[in-house]
Structure formats: structure tokens, C-alpha cells
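Structure file coords_17.cif with mmCIF, C-alpha atoms:
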```cif
data_start
#
loop_
_atom_site.label_atom_id
_atom_site.label_comp_id
_atom_site.auth_asym_id
_atom_site.auth_seq_id
_atom_site.Cartn_x
_atom_site.Cartn_y
_atom_site.Cartn_z
CA MET A 151 94.48 22.93 -51.16
CA ALA A 152 94.63 26.12 -53.17
CA ILE A 153 91.42 27.31 -54.78
CA ILE A 154 91.89 28.51 -58.32
CA THR A 155 89.34 30.92 -59.76
CA LEU A 156 89.04 30.72 -63.50
CA ALA A 157 88.18 33.88 -65.39
CA ALA A 158 84.99 33.70 -67.43
CA PRO A 159 85.68 33.43 -71.16
CA ALA A 160 85.58 36.78 -72.88
CA ALA A 161 82.44 37.42 -74.90
CA ALA A 162 82.92 37.13 -78.62
CA PRO A 163 83.17 40.54 -80.28
CA ASP A 164 80.03 41.73 -82.01
CA GLU A 165 80.96 41.65 -85.69
CA ARG A 166 77.75 43.23 -86.98
CA VAL A 167 78.13 46.46 -88.96
CA LEU A 168 75.78 49.15 -90.22
CA ARG A 169 76.38 50.37 -93.77
CA VAL A 170 75.53 53.97 -94.66
CA ARG A 171 75.30 55.33 -98.19
CA ASP A 172 75.24 59.10 -98.56
CA GLY A 173 75.18 59.88 -102.27
CA THR A 174 78.23 58.15 -103.74
CA GLU A 175 79.96 57.82 -100.36
CA GLU A 176 79.67 54.58 -98.39
CA ARG A 177 80.60 54.34 -94.71
CA ILE A 178 80.71 51.29 -92.43
CA TYR A 179 80.04 51.53 -88.69
CA PRO A 180 80.92 48.53 -86.48
CA VAL A 181 78.63 47.92 -83.51
CA ALA A 182 81.43 48.68 -81.03
CA GLU A 183 81.93 52.13 -82.55
CA LEU A 184 78.20 52.89 -82.41
CA VAL A 185 77.97 51.75 -78.79
CA ALA A 186 80.87 54.04 -77.84
CA ALA A 187 79.54 57.04 -79.78
CA VAL A 188 75.76 56.76 -79.35
CA GLY A 189 75.36 54.62 -76.23
CA LEU A 190 72.83 51.84 -75.65
CA SER A 191 69.19 52.45 -74.80
CA GLU A 192 66.27 50.16 -74.02
CA LEU A 193 62.76 50.43 -75.43
CA THR A 194 59.69 48.46 -74.43
CA VAL A 195 57.43 47.88 -77.42
CA PRO A 196 53.73 47.27 -76.80
CA ASP A 197 52.23 44.57 -79.03
CA ASP A 198 55.24 44.04 -81.25
CA PRO A 199 53.82 43.41 -84.77
CA LEU A 200 56.20 40.50 -85.38
CA PHE A 201 55.63 38.61 -82.15
CA GLY A 202 52.24 39.94 -81.06
CA SER A 203 53.33 40.69 -77.50
CA HIS A 204 55.33 43.17 -75.44
CA ARG A 205 59.08 43.09 -76.05
CA THR A 206 61.96 45.08 -74.62
CA TYR A 207 64.88 45.74 -76.96
CA ALA A 208 68.37 47.15 -76.48
CA GLY A 209 69.89 49.28 -79.21
CA PHE A 210 70.50 52.81 -80.47
CA ASP A 211 68.14 55.74 -80.06
CA LEU A 212 67.19 56.53 -83.67
CA PRO A 213 67.62 60.34 -83.76
CA ALA A 214 70.98 60.09 -81.97
CA LEU A 215 72.11 57.34 -84.35
CA LEU A 216 71.10 59.32 -87.45
CA ARG A 217 73.00 62.36 -86.20
CA HIS A 218 76.12 60.27 -85.62
CA ILE A 219 76.09 58.67 -89.06
CA GLY A 220 75.54 62.03 -90.78
CA LEU A 221 71.90 61.53 -91.83
CA GLY A 222 70.20 63.48 -89.06
CA GLY A 223 68.87 66.15 -91.42
CA ALA A 224 67.83 63.85 -94.27
CA PRO A 225 64.08 64.19 -94.95
CA GLU A 226 63.83 60.71 -96.45
CA LEU A 227 65.89 57.56 -96.08
CA LEU A 228 65.95 54.15 -97.71
CA LEU A 229 66.21 51.20 -95.32
CA VAL A 230 67.81 48.17 -97.00
CA CYS A 231 67.57 44.65 -95.59
CA ALA A 232 69.52 41.44 -96.15
CA ASP A 233 66.52 39.65 -97.67
CA GLY A 234 66.09 42.30 -100.39
CA TYR A 235 63.39 44.35 -98.65
CA SER A 236 63.94 48.08 -99.35
CA ILE A 237 61.59 50.55 -97.70
CA PRO A 238 61.48 54.33 -98.15
CA PHE A 239 61.23 56.07 -94.79
CA ASP A 240 59.84 59.59 -94.29
CA ALA A 241 62.20 60.37 -91.43
CA ALA A 242 61.28 64.05 -91.19
CA ALA A 243 57.63 63.20 -90.53
CA ALA A 244 58.11 60.11 -88.34
CA LEU A 245 60.61 61.68 -85.97
CA LYS A 246 58.22 64.57 -85.27
CA GLU A 247 55.45 62.21 -84.19
CA PRO A 248 54.95 61.31 -80.50
CA VAL A 249 56.92 58.10 -81.02
CA ARG A 250 60.36 56.84 -80.14
CA GLY A 251 62.43 54.76 -82.57
CA LEU A 252 65.21 52.34 -81.69
CA LEU A 253 67.61 50.51 -83.98
CA ALA A 254 67.57 47.32 -81.93
CA LEU A 255 70.60 45.08 -81.43
CA ARG A 256 68.92 42.40 -79.36
CA ASP A 257 65.85 41.30 -77.45
CA THR A 258 66.65 41.69 -73.73
CA ALA A 259 64.67 38.51 -72.94
CA VAL A 260 67.36 36.47 -74.71
CA PRO A 261 70.24 35.60 -72.34
CA ALA A 262 73.37 37.53 -73.23
CA ASP A 263 75.49 34.36 -73.11
CA SER A 264 73.18 32.35 -75.38
CA GLY A 265 74.96 33.25 -78.61
CA ARG A 266 71.67 34.62 -80.00
CA HIS A 267 70.24 38.12 -80.15
CA TRP A 268 66.55 37.44 -80.83
CA GLN A 269 63.63 35.20 -80.02
CA PRO A 270 62.93 32.70 -82.83
CA TYR A 271 60.75 34.22 -85.55
CA ARG A 272 58.91 32.33 -88.29
CA HIS A 273 57.86 34.17 -91.44
CA GLY A 274 56.04 32.17 -94.07
CA THR A 275 57.80 28.81 -94.18
CA GLU A 276 61.12 30.17 -92.87
CA ALA A 277 62.58 30.39 -89.38
CA ILE A 278 64.81 33.43 -89.50
CA SER A 279 67.12 35.58 -87.42
CA LEU A 280 66.48 39.33 -87.26
CA ASP A 281 70.23 40.10 -87.41
CA PRO A 282 71.90 42.45 -87.83
CA PHE A 283 69.36 45.12 -86.79
CA PHE A 284 65.62 45.52 -86.24
CA LEU A 285 63.96 48.96 -86.28
CA VAL A 286 61.27 49.14 -83.57
CA TRP A 287 58.89 51.81 -82.23
CA ALA A 288 57.00 52.71 -79.07
CA PRO A 289 55.01 55.73 -77.86
CA ALA A 290 57.25 58.49 -76.56
CA LYS A 291 54.96 58.62 -73.53
CA PRO A 292 53.88 55.25 -72.07
CA GLY A 293 50.21 54.56 -72.64
CA ALA A 294 49.78 57.21 -75.33
CA ASP A 295 47.35 56.30 -78.12
CA VAL A 296 49.69 56.26 -81.12
CA ASP A 297 49.40 54.30 -84.37
CA LEU A 298 52.55 52.15 -84.50
CA GLY A 299 51.35 49.81 -87.24
CA PRO A 300 53.61 48.76 -90.12
CA GLU A 301 51.49 50.76 -92.57
CA THR A 302 52.35 53.91 -90.60
CA LEU A 303 55.93 53.25 -89.49
CA PRO A 304 58.59 50.92 -90.93
CA TRP A 305 59.52 47.80 -88.91
CA PRO A 306 62.34 46.30 -91.03
CA TYR A 307 64.35 43.42 -89.62
CA GLN A 308 67.64 42.09 -91.03
CA LEU A 309 68.38 45.78 -91.66
CA THR A 310 71.88 46.15 -93.08
CA GLU A 311 72.05 49.61 -94.65
CA ILE A 312 70.62 53.13 -94.42
CA ARG A 313 70.78 55.39 -97.46
CA ARG A 314 70.01 59.04 -98.12
CA PHE A 315 66.99 58.88 -100.40
CA ASP A 316 65.57 61.00 -103.22
CA ARG A 317 62.17 59.51 -104.04
CA ALA A 318 61.69 61.21 -107.42
CA ALA A 319 65.14 60.22 -108.69
CA TYR A 320 64.96 56.70 -107.27
CA PHE A 321 61.62 55.82 -108.84
CA ALA A 322 62.16 57.75 -112.10
CA PRO A 323 62.97 54.61 -114.17
CA ALA A 324 59.65 53.08 -113.06
CA ARG A 325 57.50 56.01 -114.17
CA PRO A 326 54.68 54.99 -116.53
CA PRO A 327 54.63 56.09 -120.17
CA ASP A 328 53.33 59.56 -120.95
CA ARG A 329 49.61 60.07 -121.56
CA THR A 330 48.55 56.86 -119.81
CA GLY A 331 45.95 58.65 -117.70
CA PRO A 332 45.25 59.33 -114.02
CA GLU A 333 44.43 55.73 -113.10
CA VAL A 334 47.88 54.53 -114.18
CA GLU A 335 49.52 57.47 -112.38
CA HIS A 336 47.59 56.52 -109.24
CA GLY A 337 48.75 52.93 -109.67
CA PHE A 338 52.34 54.16 -109.89
CA ALA A 339 51.87 55.96 -106.55
CA ILE A 340 50.51 52.74 -105.02
CA TYR A 341 53.47 50.82 -106.41
CA GLN A 342 55.87 53.26 -104.74
CA ALA A 343 54.06 53.06 -101.40
CA HIS A 344 53.55 49.29 -101.27
CA CYS A 345 54.87 47.10 -104.10
CA GLY A 346 58.31 48.68 -104.53
CA LYS A 347 59.43 47.53 -101.09
CA CYS A 348 59.63 43.94 -102.36
CA HIS A 349 59.40 44.05 -106.17
CA GLN A 350 61.49 45.76 -108.81
CA MET A 351 60.20 47.65 -111.79
CA ARG A 352 62.75 48.79 -114.38
CA GLY A 353 65.56 47.84 -112.03
CA VAL A 354 64.45 49.84 -108.97
CA GLY A 355 62.78 48.54 -105.81
CA GLY A 356 63.27 45.60 -103.51
CA SER A 357 64.17 42.05 -104.47
CA VAL A 358 62.22 39.92 -101.97
CA GLY A 359 59.78 38.94 -104.71
CA PRO A 360 60.10 38.66 -108.50
CA ALA A 361 60.53 41.71 -110.72
CA LEU A 362 57.18 42.93 -112.01
CA ASP A 363 58.33 43.63 -115.57
CA ARG A 364 60.18 40.43 -116.45
CA ALA A 365 58.92 38.57 -119.50
CA ALA A 366 57.48 35.61 -117.55
CA SER A 367 56.00 37.66 -114.69
CA ALA A 368 52.39 37.42 -113.57
CA SER A 369 52.03 41.02 -114.78
CA ALA A 370 52.87 39.96 -118.33
CA LEU A 371 51.09 36.61 -118.50
CA SER A 372 47.86 37.27 -116.55
CA THR A 373 44.65 38.89 -117.67
CA PRO A 374 43.68 42.03 -115.72
CA ALA A 375 41.15 39.99 -113.74
CA GLN A 376 43.73 37.33 -112.86
CA LEU A 377 46.30 39.97 -111.95
CA GLY A 378 43.77 41.74 -109.74
CA ALA A 379 43.19 38.50 -107.83
CA TYR A 380 46.92 38.10 -107.36
CA VAL A 381 47.35 41.67 -106.11
CA ARG A 382 44.48 41.20 -103.65
CA HIS A 383 46.42 38.15 -102.42
CA GLU A 384 43.69 36.68 -100.23
CA ARG A 385 45.35 34.89 -97.34
CA TRP A 386 43.29 31.71 -97.79
CA LEU A 387 44.67 31.37 -101.33
CA PHE A 388 48.30 32.06 -100.35
CA PRO A 389 48.63 30.80 -96.76
CA ARG A 390 52.43 30.48 -96.80
CA SER A 391 53.28 33.61 -98.73
CA LYS A 392 55.28 36.49 -97.30
CA MET A 393 53.23 38.93 -99.36
CA PRO A 394 50.48 40.63 -97.33
CA ALA A 395 46.81 40.34 -98.22
CA PHE A 396 46.32 43.63 -100.02
CA SER A 397 42.56 43.05 -100.05
CA ALA A 398 42.72 44.21 -96.42
CA LEU A 399 45.07 47.15 -97.10
CA LEU A 400 43.90 48.67 -100.38
CA ALA A 401 40.52 49.75 -101.68
CA PRO A 402 39.21 47.98 -104.83
CA ALA A 403 39.85 51.14 -106.87
CA ASP A 404 43.48 51.18 -105.67
CA ILE A 405 43.95 47.55 -106.72
CA ASP A 406 42.43 48.33 -110.15
CA ALA A 407 44.90 51.22 -110.48
CA VAL A 408 47.86 48.97 -109.61
CA VAL A 409 46.72 46.47 -112.26
CA ALA A 410 46.43 49.28 -114.82
CA TYR A 411 49.94 50.47 -113.97
CA LEU A 412 51.45 46.98 -114.18
CA LYS A 413 49.78 46.33 -117.52
CA ALA A 414 50.92 49.71 -118.86
CA MET A 415 54.50 48.94 -117.90
CA GLN A 416 54.53 45.71 -119.94
CA THR A 417 54.31 47.71 -123.17
CA ARG A 418 57.29 50.02 -122.62
#
```

Rewritten as C-alpha cells:
Amino acid sequence: MAIITLAAPAAAPDERVLRVRDGTEERIYPVAELVAAVGLSELTVPDDPLFGSHRTYAGFDLPALLRHIGLGGAPELLLVCADGYSIPFDAAAALKEPVRGLLALRDTAVPADSGRHWQPYRHGTEAISLDPFFLVWAPAKPGADVDLGPETLPWPYQLTEIRRFDRAAYFAPARPPDRTGPEVEHGFAIYQAHCGKCHQMRGVGGSVGPALDRAASASALSTPAQLGAYVRHERWLFPRSKMPAFSALLAPADIDAVVAYLKAMQTR
């Protein structure tokens, strides 16, 4: 009896793409093109902030990727995600630190033939996929004492697009009115560093959460004391929220400045 060997079914093509916006020009890079041009690397991440444990990812070395897509010399970038998260990234500073960045395609612990790229991840009340890309970091030298926390380096998942970024021009519509004082100006700086990743003001910023200047927003309807409590966002009051507890991230004076900025922006 003849023995017939059946060929394994071909793996489905990876249809994920990376979008790049450089001024008015938009470019689209399929995964296959990036693999051919940049090559695949692996990076073991100690204490991954999403999963709380070591993970090894496969993907694209970040400096090599940025050079290939024409953004290698950009001092700042904007990382845009499918869920509306938009985070400014000081690339010039981060890539000089003793860290290594990887635009991850998949978690190597997930079997390649499983049809998935990532371990299950639950955020708030949602179970989500990290597709298409997840930006991860590790020390350039194993065991080095380096701050890899999300307040120091960006860890965006569901990353879809990288843009050349001009901070002053981008946030110009959200500037506070003239002569509002140093506290409001400080609050504007805090908004740029923290709130603008998820919330829009005057049409700029992320869209994970509600716009902060809409007529029915908490900024418009709350007293300063109530708004301060919301900005602090104590975890025991908002256990299922995606918003971090800013009481642990910002000093009381910073929170007061954010409240002053938000209130000032309701009168424009």
C-alpha cells in the first residue's frame, strides 16, 4: 500500500499593516514587507507591566524599524492605537537610554499555529487582543537597573499608526486663554503629559475617554472639588475603569492645576 504524505496547510498570510504619517504623506507597510526589510528579533521583557511576569516577544527592533519607515531622525513621534489612545513619544531621548525597544508582533509563548498572537489580556471589563502591534521594552544589558515603567516609556498595545509629531503645533488648539496664570499653564502641561493620551480638548488628543470640553462633561458640570475627586480617580471608587488612579501618579498641587486648567477651558 502506498503511503501518501500530505503537505501541511500553508499558514494564512499576516494581513496586519503599520500606518505611517509623515506630515501630509501617509504610507502603509504590510508585515511581510517589514519582515523582509527589517528582520525579526526577539526580546525578553522582565515584569511586563500588562501581564506582571516575564514575556518574550518577536517583532521589529525599534531603531531599525524607524529608519526603514523614514522616521529614524524624528525627535518626537505620536503613537496611535485602535482604541483611540494617542501617546506622544520622545524618541530622541528614549532611544539614547540603556533600553531596547521592540515593536512586537506576537508573544512567543503562543503557539504559531493557534491563530492567535497574544496571551489573553483583560483591561477593565474587556478581554482584548493586542493586535496589530505592541511596543515593549527591556534593558539593553540583561539585569541592568533601568526604569521601564509606563510613566517613563510608552507601552501602547493595539498600535496601528506612527506619526511624525510637533508637540507645540499639535496641542496649540488646547492652549488655555491668555492671562490665566501659572497654575493654569501648569495644568495645561499636565494635560499634555497625562490626560491628552485618552481625552480630547478642542479636538486634539486621544479618544479613549470623553472629550473634556463637551457641554455635558464632568469638567463643565462638576464643582472644582468634585472634579478634583474625579481626577484623583481613587481605584476603590472606580474599580472597573481604564483610567489610572492619578492620586498615585500626581501630587495634590498637580491635580489642583489640572482642575484649574479644565475649568478655565470651559469658558473659552

### Task
Find the residue from A:Phe284, A:Phe396, A:Tyr411, A:Phe338 that sits nearest to A:Leu229; use all atoms listed in the file when measuring.
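Once distances to A:Leu229 are computed over all atoms listed in the file, the minimum belongs to A:Phe284.
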
### Task
Could you tell me how far atom CA of A:Val230 lies from atom CA of A:Glu311, in Å and to one decimal?
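So the two atoms, atom CA of A:Val230 and atom CA of A:Glu311, lie 5.1 Å apart.
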
### Message
With distances taken over only C-alpha atoms, which residue among A:Leu285, A:Ala414, A:Ala208, A:Ile278 lies nearest A:Phe239?
### Response
A:Leu285

Interface rows for stretch 321-351 of chain A against stretch 400-407 of chain A: nearest pair, Å to one decimal, 12 Å, all atoms listed in the file, as CSV:
```
residue,atom,partner,partner_atom,distance
A:Thr330,CA,A:Ala407,CA,11.5
A:Gly331,CA,A:Ala407,CA,10.4
A:Pro332,CA,A:Ala407,CA,8.9
A:Glu333,CA,A:Ala407,CA,5.2
A:Val334,CA,A:Ala407,CA,5.8
A:Glu335,CA,A:Ala407,CA,8.0
A:His336,CA,A:Ala407,CA,6.1
A:Gly337,CA,A:Ala407,CA,4.3
A:Phe338,CA,A:Ala407,CA,8.0
A:Ala339,CA,A:Ala407,CA,9.3
A:Ile340,CA,A:Asp404,CA,7.2
A:Tyr341,CA,A:Ala407,CA,9.5
A:Ala343,CA,A:Leu400,CA,11.1
A:His344,CA,A:Leu400,CA,9.7
A:Cys345,CA,A:Ile405,CA,11.2
```

### Task
Could you list the residues chosen by the PyMOL selection byres ((chain A and resi 249) around 6) in this structure as a PyMOL selection string?
chain A and resi 247-248+250+288-290

Take the residues that were just selected and, keeping C-alpha atoms, output them as a JSON list (two decimals), in the coordinates of the input.
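Writing done, so here's again-v8.json:
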```
[["chain", "number", "residue", "atom", "x", "y", "z"],
["A", 247, "GLU", "CA", 55.45, 62.21, -84.19],
["A", 248, "PRO", "CA", 54.95, 61.31, -80.50],
["A", 250, "ARG", "CA", 60.36, 56.84, -80.14],
["A", 288, "ALA", "CA", 57.00, 52.71, -79.07],
["A", 289, "PRO", "CA", 55.01, 55.73, -77.86],
["A", 290, "ALA", "CA", 57.25, 58.49, -76.56]]
```

### Picked residues, the PyMOL selection byres ((chain A and resi 169-178) around 7), expected as a VMD selection string
chain A and resid 167 to 168 179 to 180 310 to 314

### Distance in Å - atom CA of A:Met351 versus atom CA of A:Ala318
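Those two atoms sit 14.3 Å apart.
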
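Proximity of A:Thr206, A:Phe321, A:Met393, A:Glu192 to A:Ala259, computed with all atoms listed in the file, is greatest for A:Thr206.
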
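Nearest residue to A:Ala262 among A:Gly222, A:Asp164, A:Tyr307, A:Ala182 is A:Asp164, counting only C-alpha atoms.
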
### Query
Near A:Asp363, within 10 Å and counting all atoms listed in the file, which residues show up once chain neighbours fewer than 5 positions away are dropped, as a ChimeraX atom specification?
/A:324,349-353,368-370,412-413,415-418

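Separating atom CA of A:Leu255 from atom CA of A:Pro238 is a distance of 21.2 Å.
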
### Task
Could you expand the PyMOL selection byres ((chain A and resi 210) around 7) into the explicit residues it covers here, written as a list in words?
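Applying the expression gives Val188, Gly189, Leu190, Ser191, Gly209, Asp211, Leu212, Leu215, Leu252, Leu253 and Ala254 of chain A.
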
### Task
Measuring atom to atom with only C-alpha atoms, identify which of A:Val381, A:Val358, A:Leu399, A:Val408 is nearest to A:Ser236.
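Looking at the shortest contact to A:Ser236, the residue is A:Val358.
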
Give the centre and edge lengths of an axis-aligned box, in Å to one decimal, that holds all listed atoms of stretch 252-267 of chain A with 8 Å on each side, as AutoDock Vina command-line options.
```
--center_x 70.1 --center_y 42.3 --center_z -78.2 --size_x 26.8 --size_y 36.0 --size_z 27.6
```

### Message
Which residues are near A:Thr373? Cut-off 12 Å, only C-alpha atoms, ignore same chain within fewer than 6 positions. Put them as a PyMOL selection string.
### Response
chain A and resi 367+379-380+409-410+412-413
